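*Asks:* Below you'll find target_5.txt; it's compact mmCIF, C-alpha atoms.
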```txt
# COMPACT_ATOMS: atom_id res chain seq x y z
CA MET H 72 -64.00 23.57 -11.67
CA PRO H 73 -64.37 19.99 -10.34
CA ASP H 74 -67.38 19.35 -8.13
CA PRO H 75 -66.83 19.71 -4.39
CA ILE H 76 -67.20 16.26 -2.85
CA GLY H 77 -68.28 14.91 0.49
CA PHE H 78 -66.10 11.92 1.43
CA LEU H 79 -67.15 9.57 4.22
CA GLY H 80 -64.83 6.87 5.51
CA LEU H 81 -61.09 7.29 5.93
CA GLY H 82 -59.82 3.78 6.44
CA ASP H 83 -56.70 2.33 4.86
CA LEU H 84 -58.26 2.52 1.39
CA GLY H 85 -60.35 5.66 1.84
CA ARG H 86 -57.41 7.90 2.73
CA PRO H 87 -55.34 7.34 -0.45
CA ILE H 88 -58.46 7.63 -2.61
CA ALA H 89 -59.33 10.92 -0.92
CA ARG H 90 -55.76 12.15 -1.45
CA ASN H 91 -56.00 11.24 -5.14
CA MET H 92 -59.21 13.25 -5.49
CA MET H 93 -57.64 16.28 -3.83
CA ALA H 94 -54.63 15.99 -6.13
CA ALA H 95 -57.06 16.01 -9.07
CA GLY H 96 -58.42 19.37 -7.88
CA HIS H 97 -61.54 18.34 -5.96
CA ALA H 98 -62.39 20.23 -2.80
CA LEU H 99 -63.26 17.62 -0.17
CA THR H 100 -65.31 17.82 2.97
CA ILE H 101 -64.46 14.71 4.95
CA TRP H 102 -66.08 12.78 7.76
CA ASN H 103 -64.87 9.75 9.67
CA ARG H 104 -66.08 8.21 12.89
CA THR H 105 -62.52 8.58 14.25
CA ALA H 106 -61.89 12.17 13.24
CA ALA H 107 -58.11 12.02 13.73
CA LYS H 108 -57.77 9.73 10.71
CA GLY H 109 -58.44 12.76 8.55
CA ASP H 110 -55.84 15.04 10.12
CA ASP H 111 -53.38 14.74 7.22
CA LEU H 112 -56.12 15.54 4.71
CA VAL H 113 -57.23 18.59 6.69
CA ALA H 114 -53.61 19.72 6.80
CA SER H 115 -53.60 19.46 3.00
CA GLY H 116 -56.73 21.58 2.61
CA ALA H 117 -59.77 19.36 3.19
CA ASP H 118 -62.64 20.60 5.34
CA ARG H 119 -63.77 18.42 8.22
CA ALA H 120 -67.45 17.80 9.02
CA ALA H 121 -68.79 16.89 12.44
CA SER H 122 -71.45 14.58 10.97
CA PRO H 123 -72.15 12.75 7.69
CA ALA H 124 -74.75 15.39 6.75
CA GLY H 125 -72.19 18.10 7.37
CA ALA H 126 -70.07 16.69 4.54
CA VAL H 127 -72.95 17.00 2.06
CA GLN H 128 -73.52 19.87 -0.35
CA PRO H 129 -77.22 20.28 -1.31
CA GLY H 130 -77.67 18.61 -4.69
CA GLY H 131 -74.03 17.56 -4.60
CA ILE H 132 -72.04 14.35 -4.65
CA VAL H 133 -71.06 12.33 -1.60
CA VAL H 134 -68.77 9.28 -1.67
CA SER H 135 -68.82 6.68 1.10
CA LEU H 136 -66.27 3.92 1.72
CA LEU H 137 -67.27 2.27 4.98
CA TRP H 138 -67.18 -1.20 6.55
CA ASP H 139 -70.43 -3.09 5.86
CA ASP H 140 -74.17 -2.89 5.17
CA ALA H 141 -74.98 -1.68 8.67
CA SER H 142 -72.42 1.15 8.63
CA VAL H 143 -73.77 2.48 5.32
CA VAL H 144 -77.37 2.30 6.55
CA GLU H 145 -76.37 4.14 9.72
CA VAL H 146 -74.87 6.98 7.67
CA VAL H 147 -77.75 7.16 5.20
CA GLU H 148 -80.32 7.26 7.99
CA SER H 149 -78.34 9.75 10.08
CA ASP H 150 -79.92 13.09 10.81
CA GLY H 151 -80.22 15.27 7.71
CA PHE H 152 -78.12 13.16 5.34
CA LEU H 153 -80.69 12.39 2.63
CA GLU H 154 -82.59 15.61 3.23
CA ARG H 155 -79.46 17.68 2.67
CA LEU H 156 -78.44 15.76 -0.46
CA GLY H 157 -81.97 16.27 -1.76
CA PRO H 158 -83.17 16.07 -5.37
CA GLY H 159 -80.24 16.15 -7.76
CA GLY H 160 -77.78 14.84 -5.19
CA VAL H 161 -75.87 11.60 -5.78
CA HIS H 162 -74.46 9.12 -3.29
CA VAL H 163 -71.62 6.92 -4.59
CA SER H 164 -71.44 3.88 -2.31
CA MET H 165 -68.05 2.15 -2.58
CA THR H 166 -68.44 -0.12 0.45
CA THR H 167 -68.44 -3.88 -0.08
CA VAL H 168 -72.01 -4.76 0.87
CA SER H 169 -74.53 -7.43 -0.04
CA PRO H 170 -76.50 -7.10 -3.30
CA ALA H 171 -79.73 -7.14 -1.27
CA GLY H 172 -78.40 -4.40 0.98
CA SER H 173 -77.39 -2.29 -2.00
CA LYS H 174 -80.85 -2.67 -3.52
CA ALA H 175 -82.47 -1.58 -0.26
CA LEU H 176 -80.19 1.45 -0.10
CA ALA H 177 -81.04 2.39 -3.69
CA ALA H 178 -84.76 2.18 -2.90
CA ARG H 179 -84.32 4.37 0.17
CA HIS H 180 -82.47 6.99 -1.89
CA ALA H 181 -85.15 6.88 -4.59
CA GLU H 182 -87.80 7.66 -1.97
CA ALA H 183 -85.86 10.83 -1.15
CA GLY H 184 -85.24 11.73 -4.80
CA VAL H 185 -81.50 11.14 -4.43
CA GLY H 186 -79.38 9.34 -7.02
CA PHE H 187 -77.51 6.21 -5.96
CA VAL H 188 -74.54 4.56 -7.66
CA GLU H 189 -72.91 1.44 -6.27
CA ALA H 190 -69.19 1.42 -7.07
CA PRO H 191 -67.19 -1.16 -5.10
CA VAL H 192 -63.46 -1.00 -5.64
CA PHE H 193 -60.78 -3.63 -6.23
CA GLY H 194 -57.31 -2.84 -4.96
CA ARG H 195 -55.20 -2.55 -1.84
CA PRO H 196 -54.08 0.81 -0.37
CA GLU H 197 -50.79 0.67 -2.26
CA ALA H 198 -52.71 0.18 -5.52
CA ALA H 199 -54.79 3.26 -4.70
CA ALA H 200 -51.63 5.28 -4.08
CA ALA H 201 -50.27 4.06 -7.43
CA ARG H 202 -53.61 4.83 -9.16
CA GLN H 203 -54.03 1.18 -10.14
CA LEU H 204 -57.54 0.49 -8.85
CA TRP H 205 -60.41 -1.20 -10.69
CA ILE H 206 -63.98 -0.09 -10.05
CA ALA H 207 -67.22 -1.89 -10.89
CA TYR H 208 -70.29 0.34 -10.89
CA ALA H 209 -74.03 0.27 -11.54
CA GLY H 210 -76.98 2.63 -11.30
CA ALA H 211 -79.28 4.87 -13.29
CA GLU H 212 -77.68 6.54 -16.30
CA GLY H 213 -78.08 10.11 -15.09
CA PRO H 214 -76.25 9.71 -11.77
CA LYS H 215 -73.64 7.47 -13.42
CA ALA H 216 -72.87 10.06 -16.09
CA ARG H 217 -72.36 12.67 -13.38
CA VAL H 218 -69.98 10.61 -11.26
CA ARG H 219 -68.12 8.67 -13.96
CA PRO H 220 -65.32 11.28 -14.26
CA LEU H 221 -64.64 10.87 -10.54
CA PHE H 222 -63.35 7.32 -10.97
CA GLU H 223 -60.20 8.46 -12.73
CA ALA H 224 -59.67 11.11 -10.06
CA MET H 225 -60.00 8.41 -7.40
CA GLY H 226 -57.15 6.44 -8.93
CA ALA H 227 -58.99 3.95 -11.11
CA ARG H 228 -56.95 2.31 -13.82
CA GLU H 229 -60.26 1.27 -15.37
CA ALA H 230 -63.96 1.39 -14.40
CA PHE H 231 -66.51 -1.16 -15.61
CA ASP H 232 -70.17 -0.23 -16.13
CA PHE H 233 -72.54 -3.07 -15.15
CA GLY H 234 -75.71 -1.34 -16.24
CA GLU H 235 -78.66 0.06 -14.33
CA GLN H 236 -79.53 -2.93 -12.14
CA ILE H 237 -78.40 -2.24 -8.59
CA GLY H 238 -76.74 -5.31 -7.11
CA ALA H 239 -74.81 -6.17 -10.27
CA ALA H 240 -71.62 -4.37 -9.28
CA THR H 241 -71.76 -5.58 -5.67
CA THR H 242 -72.16 -9.14 -6.97
CA VAL H 243 -69.06 -8.70 -9.13
CA LYS H 244 -67.18 -7.44 -6.07
CA LEU H 245 -68.19 -10.40 -3.92
CA VAL H 246 -67.36 -12.91 -6.66
CA GLY H 247 -63.99 -11.23 -7.20
CA ASN H 248 -63.12 -11.25 -3.50
CA PHE H 249 -64.22 -14.89 -3.23
CA LEU H 250 -61.88 -15.80 -6.10
CA ILE H 251 -59.01 -13.85 -4.54
CA ILE H 252 -59.45 -15.56 -1.17
CA SER H 253 -59.78 -18.97 -2.84
CA ALA H 254 -56.61 -18.39 -4.88
CA GLY H 255 -54.70 -17.34 -1.77
CA ALA H 256 -55.77 -20.45 0.12
CA ALA H 257 -54.87 -22.72 -2.79
CA MET H 258 -51.43 -21.15 -3.26
CA THR H 259 -50.70 -21.31 0.46
CA GLU H 260 -51.48 -25.03 0.56
CA GLY H 261 -49.71 -25.81 -2.70
CA LEU H 262 -46.51 -23.94 -1.88
CA ALA H 263 -46.45 -25.43 1.64
CA MET H 264 -46.37 -28.86 0.03
CA ALA H 265 -43.51 -27.85 -2.28
CA ARG H 266 -41.56 -26.35 0.61
CA ALA H 267 -42.15 -29.37 2.88
CA GLY H 268 -40.83 -31.59 0.13
CA GLY H 269 -37.60 -29.62 0.04
CA PHE H 270 -38.32 -27.74 -3.17
CA ASP H 271 -37.98 -24.03 -3.99
CA ALA H 272 -41.38 -22.40 -3.45
CA GLY H 273 -40.21 -19.21 -5.17
CA ALA H 274 -39.11 -21.00 -8.32
CA THR H 275 -42.34 -23.01 -8.28
CA ILE H 276 -44.61 -19.98 -8.21
CA GLU H 277 -42.39 -18.09 -10.66
CA MET H 278 -42.80 -20.82 -13.29
CA LEU H 279 -46.52 -21.28 -12.67
CA THR H 280 -47.36 -17.57 -12.80
CA LYS H 281 -45.43 -17.13 -16.03
CA THR H 282 -47.27 -20.02 -17.70
CA LEU H 283 -50.53 -21.45 -16.37
CA PHE H 284 -51.54 -18.59 -14.05
CA PRO H 285 -50.22 -15.30 -15.51
CA ALA H 286 -52.64 -13.14 -13.52
CA PRO H 287 -51.84 -10.24 -11.17
CA ILE H 288 -53.42 -11.90 -8.13
CA TYR H 289 -51.45 -15.14 -8.57
CA GLN H 290 -48.25 -13.24 -9.30
CA SER H 291 -48.35 -10.74 -6.44
CA TYR H 292 -49.89 -12.95 -3.76
CA GLY H 293 -47.95 -16.01 -4.93
CA ARG H 294 -44.58 -14.29 -4.58
CA ALA H 295 -45.53 -12.98 -1.14
CA ILE H 296 -46.68 -16.43 0.00
CA ALA H 297 -43.51 -18.05 -1.37
CA ALA H 298 -41.34 -15.46 0.38
CA GLY H 299 -43.27 -15.78 3.63
CA THR H 300 -44.23 -12.11 3.60
CA ALA H 301 -47.96 -12.49 2.89
CA ALA H 302 -50.25 -11.19 5.62
CA SER H 303 -51.61 -14.03 7.72
CA GLY H 304 -55.28 -14.85 7.35
CA GLY H 305 -55.90 -13.76 10.92
CA GLY H 306 -54.44 -10.33 10.37
CA SER H 307 -57.58 -8.83 8.85
CA ALA H 308 -61.29 -9.27 9.36
CA ILE H 309 -61.99 -8.40 5.73
CA PRO H 310 -61.69 -11.91 4.17
CA GLY H 311 -64.04 -13.43 6.74
CA LYS H 312 -66.54 -10.58 6.32
CA ASP H 313 -66.52 -10.84 2.54
CA LEU H 314 -66.71 -14.64 2.52
CA GLY H 315 -69.73 -14.37 4.79
CA LEU H 316 -71.34 -11.85 2.45
CA PHE H 317 -70.63 -14.07 -0.56
CA LYS H 318 -72.06 -17.17 1.14
CA ALA H 319 -75.20 -15.39 2.38
CA SER H 320 -75.79 -13.79 -1.03
CA ALA H 321 -75.35 -17.13 -2.80
CA GLU H 322 -77.73 -18.86 -0.42
CA ALA H 323 -80.28 -16.08 -0.98
CA VAL H 324 -80.48 -17.10 -4.66
CA SER H 325 -80.22 -20.85 -3.94
CA SER H 326 -76.69 -21.13 -5.34
CA PRO H 327 -74.49 -23.86 -3.75
CA THR H 328 -71.69 -22.75 -1.43
CA PRO H 329 -69.40 -25.74 -0.77
CA LEU H 330 -66.09 -23.92 -1.19
CA SER H 331 -67.03 -20.67 0.57
CA SER H 332 -68.42 -22.74 3.45
CA LEU H 333 -65.14 -24.67 3.70
CA LEU H 334 -63.05 -21.50 3.58
CA LEU H 335 -65.13 -19.95 6.35
CA GLU H 336 -64.72 -23.08 8.48
CA MET H 337 -60.96 -22.98 7.89
CA ARG H 338 -60.80 -19.36 9.03
CA ARG H 339 -62.86 -20.07 12.13
CA GLY H 340 -60.75 -23.14 12.93
```
Just give me the structure of the file as structure tokens.
*Replies:*
Amino acid sequence: MPDPIGFLGLGDLGRPIARNMMAAGHALTIWNRTAAKGDDLVASGADRAASPAGAVQPGGIVVSLLWDDASVVEVVESDGFLERLGPGGVHVSMTTVSPAGSKALAARHAEAGVGFVEAPVFGRPEAAAARQLWIAYAGAEGPKARVRPLFEAMGAREAFDFGEQIGAATTVKLVGNFLIISAGAAMTEGLAMARAGGFDAGATIEMLTKTLFPAPIYQSYGRAIAAGTAASGGGSAIPGKDLGLFKASAEAVSSPTPLSSLLLEMRRG
């Protein structure tokens, strides 16, 4: 039988991932700060916990998909969470956090004898529902071997192992999100110029994404931008949060940040 899983965080991405895991046969105990977000999952058979620790099985596996470094720390340090997981337990952290934050979390888990795997996820909610996610993960071999089968159950099209060094997978996630945001800004500006000149933005992006830029991000976002159906930059706090994480993480290792700084200024303007 599949392992019972504690699942913490039922946002727009967490809910379809949790549904995928239930469809794969996993018994879930869920927790979310706003409990009502889990009502549909409870109706489908999930158990609901009143606290993060209540979702944990001793020596079991708990998955968290939260908002930022602080929200993960708050859960990890909540009453009884690490104690209940205990030796043999594994925490799979899928939240987009800073590499430094992930390293600190891993150290805190090690103090308690708990395994820690960072596994940030690429993909929007519709990609999760279609089981077309990509997951980057890192951690000690033992905990990774135990949780690796879960990635397919979550809806991963493919999972990429970045070794044992915590911070590697979170770095990949931040670089990937930075590239996505940069590509979106470039396509928005480029297609605005084509449209202002009286040219067909749809035909422009269609040609470019079949030739020079045949990548899923350019194709999907480019078509949405050309059609005017792309979500506006102000519609979500996620790009600004992730750009800030990228910039701070780059500055922490003395890596230049001219473009991320400009993109953040544009968002604030």
*Asks:* Which residues of region 208-265 of chain H have any atom within 10 Å of an atom in region 115-132 of chain H when counting only C-alpha atoms, and what is the closest pair of atoms for each, with the distance in Å to one decimal? Order the rows by chain and rising number and write it as JSON lines.
*Replies:*
```
{"residue": "H:Pro214", "atom": "CA", "partner": "H:Ile132", "partner_atom": "CA", "distance": 9.5}
{"residue": "H:Arg217", "atom": "CA", "partner": "H:Ile132", "partner_atom": "CA", "distance": 8.9}
{"residue": "H:Val218", "atom": "CA", "partner": "H:Ile132", "partner_atom": "CA", "distance": 7.9}
```
*Asks:* Smallest atom-to-atom distance to Lys108 (chain H): which of H:Ala274, H:Leu79, H:Leu250, H:Val133, using all atoms listed in the file?
*Replies:*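 Checking each candidate against Lys108 (chain H), we get H:Leu79 as the closest.
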*Asks:* For Phe317 (chain H), which of H:Leu156, H:Val188, H:Val243, H:Ala211 is the closest residue, counting all atoms listed in the file?
*Replies:*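 Using all atoms listed in the file, Phe317 (chain H) sits closest to H:Val243.
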*Asks:* Would you mind telling me which residue in H:Glu235, H:Glu223, H:Asp83, H:Glu336 lies nearest to Gly186 (chain H) when using only C-alpha atoms?
*Replies:*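 Nearest to Gly186 (chain H): H:Glu235.
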*Asks:* For a test of reading the model, state the distance in Å between CA of Ser326 (chain H) and CA of Gly238 (chain H), rounded to one decimal.
*Replies:*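 Separation between CA of Ser326 (chain H) and CA of Gly238 (chain H): 15.9 Å.
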*Asks:* Just to confirm, what's the straight-line distance from CA of Ser253 (chain H) to CA of Phe284 (chain H) in Å (one decimal)?
*Replies:* 13.9 Å
*Asks:* Rank nothing, just name the residue among H:Pro170, H:Gly234, H:Gly157, H:Pro73 nearest to Ser320 (chain H), using only C-alpha atoms.
*Replies:*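 The shortest atom-to-atom distance to Ser320 (chain H) comes from H:Pro170.
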*Asks:* Could you tell me how far CA of Ala171 (chain H) sits from CA of Pro87 (chain H), in Å to one decimal place?
*Replies:*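 Between these atoms lies a distance of 28.4 Å.
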*Asks:* If we count all atoms listed in the file and set the cut-off at 12 Å, which residues sit around Gly299 (chain H), ignoring sequence neighbours fewer than 6 positions away in its own chain? Please answer as a PyMOL selection string.
*Replies:* chain H and resi 258-259+262-263+266+272-273+292-293
*Asks:* As a PyMOL selection string, please: the residues near Ile237 (chain H) (cut-off 10 Å, only C-alpha atoms, same-chain neighbours under 3 positions excluded).
*Replies:* chain H and resi 170-178+187-189+208-211+233-234+240-242
*Asks:* Residues within 12 Å of Val246 (chain H), please, as an MDAnalysis selection string. Count only C-alpha atoms; anything in the same chain fewer than 5 positions from it doesn't count.
*Replies:* chainID H and resid 167 169:170 191 193 207 239:241 251:253 313:318 320:321 328 331
*Asks:* So, counting all atoms listed in the file, which residue among H:Phe231, H:Phe152, H:Trp138, H:Tyr289 is closest to Ala256 (chain H)?
*Replies:*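 Using all atoms listed in the file, Ala256 (chain H) sits closest to H:Tyr289.
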*Asks:* Counting only C-alpha atoms, figure out which residue out of H:Leu330, H:Ala227, H:Ala190, H:Ala298 gets nearest to Met92 (chain H).
*Replies:* H:Ala227
